[in-house]
Amino acid sequence: MDIIDKLYQHYEILNEAKDDIAKHRKEYEDILLAVKGSDKEKKLASQFIAKFAKSFPDLENETIDAMFDLCEDDDVLVSVACFSFGSYVDFEVVSQIRKQAIKDLVNICKDNKGAVRKIAYALAQILQSEDNSEVTAVHNSIASLYQIDPAATIEALFSELAEDNEVMRERTLKMLAMKLRTLETGVMKPEVKELLVKECKKILQDVTADEFVLVMAILGQCKIADSVSGQQQLVDLVAEQCNFTQVFNPADQEHLDRIIICIKHALPYFSTQVKSTAFVSYICDQVLPHRNEIGQSEQKLDIFKLLAELSSNCGPLDPVVERIQIVYDTLLEYMPLPPPVLEETNGDGCTTETEIRLEFTFVESLIFAFHQLARQHREFLTDNADRSKDFRSRLQYFARGVQGYIKKLRESLQDKGVDQLRDEEGRIKVTALRTTSNINSLIRDLFRNPPSYKVNVTLSFKPTNASQAAKQTAAVAVNNESTSEAAGVAKRHAPITFESSPPKVRVNTDNRVRQPYVVPTGKFSANVSAHGADSRPRGRGGYRGGRGYRRGGY
């Protein structure tokens, strides 16, 4: 009798046996042996084993071994050449045997939960396959196993992660992060969440930067952040990864990258109840003192931005003055004093000009952080007369550049339509306006006598919701036909930096003939019309329309 016919005959016998199926052990064993046969025999064996395995629990090991043999079938890819559009094209036809076995393994577990752990462990190893359709089949099968027994599935997968196989670790973590997001809410029971968090903590003891990101994504699917205690738990995990006990070495690129990545993932969990004090303290004590040794400007800006965001939820600092001082010193590096007036002329008899580089994005982050932290010691500026005088001079000078640049940005945006504001140039200018407007608001607060710490601004590099975006766009699109369509213009964007062509304040150094102040120029104002003398700050104090700034200048 043909083997295929014999397999069908065994199927009929077992299918009709019902309660007496255990008497037909020999037929089932023949089906198990068929996994060594031809391709068609293997396919039939996979389907028949999945259907009748529950009736032979004493052959569980033999059953699973037989299915694993099918999952490891050698006949995976068959190279085929065909004639297409006038030339021969090679492509690969994927054998269905392995995918059939991967799918059928789940059916075995439906009536035998005890096999879930073993099968999930084996399926995870198949994730190393280069066949995308096969990997997709594994994803679907593991998701089904999770529905059957989530605890056993998690334990099996994380036992795989403990092994030293980078490809399998990365793919397993990616699969978990992706599949957990699609699971029904009821599957993630409290005990399952607890187990998942426990296993993630073990993995976090030794992970790469990419793996850390994936583990945090997995933890996010646990809904652990739904409670304050869960948020604190996540923050504590991130703090462990930052390793605050390690002395910061700016030359250690890996450690610097780890700090930046970790803090970025912790930011969503800070609040009035979950404080960022430890993170702020570490940056002030360890990182800022070595700021000038950080080679890449982008990384330095990342640190400043993170400090700004962390400062909003910082608890009491101890010592507070020293930490405010380091932030203040860092800020001063980006807020220059007015250049001295020189009497010399160049060789042509023309007066020379001093160019001052204004780093608006750096200043926004640092002045915001200072404004937040100085609230903890409001006498920081007023206790020292020389410091106060120096800082007010810097604020006044920087404000001139900010106000002139704001005017130019508004002029360039005033006649833009909504579609123009949505394009790349429009988004950049809207963000630049947010940046400079934030600086201007903070300078107003700090220039008061005594300094005030009342104003609240939203950092320009933070994503805004639809209502905030609509207000911002409406403010700049003054002459638009419809500002109601403007919602979403200021959505998440690339951070604004002024490094490639920084705005400059040009100061006439001839004290005999004073020329009108010229606003900054750069990539954000290249197409803006010329700036006349009538736009200079008005009023005795140099600040236009500001209450409380006339006395003492601004």
# chains A, B, ... in the order shown; residues from 1 in each chain; ligands from 1
$ residues_around --residues "A:His255" --least-positions-apart "2" --cutoff "12 Å" --atoms "only C-alpha atoms" --output "PyMOL selection string"
chain A and resi 208-209+241-244+246-253+257-262+287+294
$ select_by_dssp --residues "stretch 3-153 of chain A" --states "strand (DSSP E)" --output "PyMOL selection string"
chain A and resi 77-84+87-94
$ residues_around --residues "A:Ile64" --least-positions-apart "3" --cutoff "10 Å" --atoms "only C-alpha atoms" --output "ChimeraX atom specification"
/A:32,49-50,53,59-61,67-70,105,108,115,118-119
$ write_last_selection --atoms "C-alpha atoms" --output "PDB file, in the first residue's frame"
ATOM      1  CA  LEU A  32       5.115  10.002  14.016  1.00  0.00           C
ATOM      2  CA  ILE A  49      -0.045  14.723  14.922  1.00  0.00           C
ATOM      3  CA  ALA A  50      -1.540  18.086  15.916  1.00  0.00           C
ATOM      4  CA  ALA A  53      -1.521  14.266  20.129  1.00  0.00           C
ATOM      5  CA  LEU A  59       3.917   9.874  23.943  1.00  0.00           C
ATOM      6  CA  GLU A  60       4.296  13.593  24.585  1.00  0.00           C
ATOM      7  CA  ASN A  61       8.091  13.640  24.263  1.00  0.00           C
ATOM      8  CA  MET A  67       7.267  18.189  15.399  1.00  0.00           C
ATOM      9  CA  PHE A  68      10.645  19.743  16.133  1.00  0.00           C
ATOM     10  CA  ASP A  69      12.130  17.580  13.381  1.00  0.00           C
ATOM     11  CA  LEU A  70       9.633  19.139  10.988  1.00  0.00           C
ATOM     12  CA  LEU A 105       2.668  23.126  17.333  1.00  0.00           C
ATOM     13  CA  ILE A 108      -0.744  20.518  20.541  1.00  0.00           C
ATOM     14  CA  ALA A 115       4.048  21.667  26.660  1.00  0.00           C
ATOM     15  CA  LYS A 118       9.112  23.697  25.818  1.00  0.00           C
ATOM     16  CA  ILE A 119       7.479  24.635  22.522  1.00  0.00           C
TER      17      ILE A 119
END
$ residues_around --residues "A:Val228" --least-positions-apart "3" --cutoff "10 Å" --atoms "only C-alpha atoms" --output "PyMOL selection string"
chain A and resi 224-225+231-234+269-271+273-274
$ write_last_selection --atoms "C-alpha atoms" --output "PDB file, in the first residue's frame"
ATOM      1  CA  ILE A 224       3.016  49.472  34.630  1.00  0.00           C
ATOM      2  CA  ALA A 225       3.108  53.233  34.131  1.00  0.00           C
ATOM      3  CA  GLN A 231       6.180  55.018  37.196  1.00  0.00           C
ATOM      4  CA  GLN A 232       8.581  55.205  40.114  1.00  0.00           C
ATOM      5  CA  GLN A 233       9.599  51.616  39.476  1.00  0.00           C
ATOM      6  CA  LEU A 234      10.418  52.406  35.842  1.00  0.00           C
ATOM      7  CA  TYR A 269       7.379  59.033  33.883  1.00  0.00           C
ATOM      8  CA  PHE A 270       8.451  62.099  35.881  1.00  0.00           C
ATOM      9  CA  SER A 271       5.719  64.124  37.552  1.00  0.00           C
ATOM     10  CA  GLN A 273       4.875  62.707  42.464  1.00  0.00           C
ATOM     11  CA  VAL A 274       7.812  61.055  40.715  1.00  0.00           C
TER      12      VAL A 274
END
$ select_by_dssp --residues "stretch 232-384 of chain A" --states "alpha helix (DSSP H)" --output "PyMOL selection string"
chain A and resi 232-242+253-266+277-282+297-311+320-332+360-373
$ residues_around --residues "stretch 190-192 of chain A" --least-positions-apart "3" --cutoff "9 Å" --atoms "only C-alpha atoms" --output "JSON, numbers by chain"
{"A": [150, 151, 154, 187, 195, 196, 197, 222]}
$ write_last_selection --atoms "N, CA and C atoms" --output "mmCIF file, in the first residue's frame"
data_model
loop_
_atom_site.group_PDB
_atom_site.id
_atom_site.type_symbol
_atom_site.label_atom_id
_atom_site.label_comp_id
_atom_site.auth_asym_id
_atom_site.auth_seq_id
_atom_site.Cartn_x
_atom_site.Cartn_y
_atom_site.Cartn_z
ATOM 1 N N PRO A 150 0.315 32.512 29.336
ATOM 2 C CA PRO A 150 1.250 33.641 29.242
ATOM 3 C C PRO A 150 2.484 33.487 30.114
ATOM 4 N N ALA A 151 2.332 32.961 31.315
ATOM 5 C CA ALA A 151 3.479 32.834 32.226
ATOM 6 C C ALA A 151 4.526 31.891 31.659
ATOM 7 N N ILE A 154 6.323 33.505 28.670
ATOM 8 C CA ILE A 154 7.293 34.531 29.079
ATOM 9 C C ILE A 154 8.551 33.878 29.641
ATOM 10 N N VAL A 187 -5.665 39.617 28.871
ATOM 11 C CA VAL A 187 -4.586 38.624 28.932
ATOM 12 C C VAL A 187 -3.492 39.067 29.897
ATOM 13 N N LEU A 195 5.397 39.089 36.606
ATOM 14 C CA LEU A 195 6.419 38.183 36.070
ATOM 15 C C LEU A 195 7.214 38.861 34.967
ATOM 16 N N LEU A 196 6.528 39.574 34.086
ATOM 17 C CA LEU A 196 7.204 40.234 32.968
ATOM 18 C C LEU A 196 8.177 41.298 33.470
ATOM 19 N N VAL A 197 7.748 42.067 34.454
ATOM 20 C CA VAL A 197 8.631 43.090 35.038
ATOM 21 C C VAL A 197 9.843 42.435 35.692
ATOM 22 N N CYS A 222 3.218 46.676 29.548
ATOM 23 C CA CYS A 222 2.694 46.077 30.776
ATOM 24 C C CYS A 222 1.705 46.986 31.489
#
$ atom_distance --atom1 "atom CA of A:Cys109" --atom2 "atom CA of A:Leu145"
7.5 Å
$ closest_residue --among "A:Tyr146, A:Phe158, A:Tyr282, A:Tyr397" --to "A:Thr182" --atoms "only C-alpha atoms"
A:Tyr146
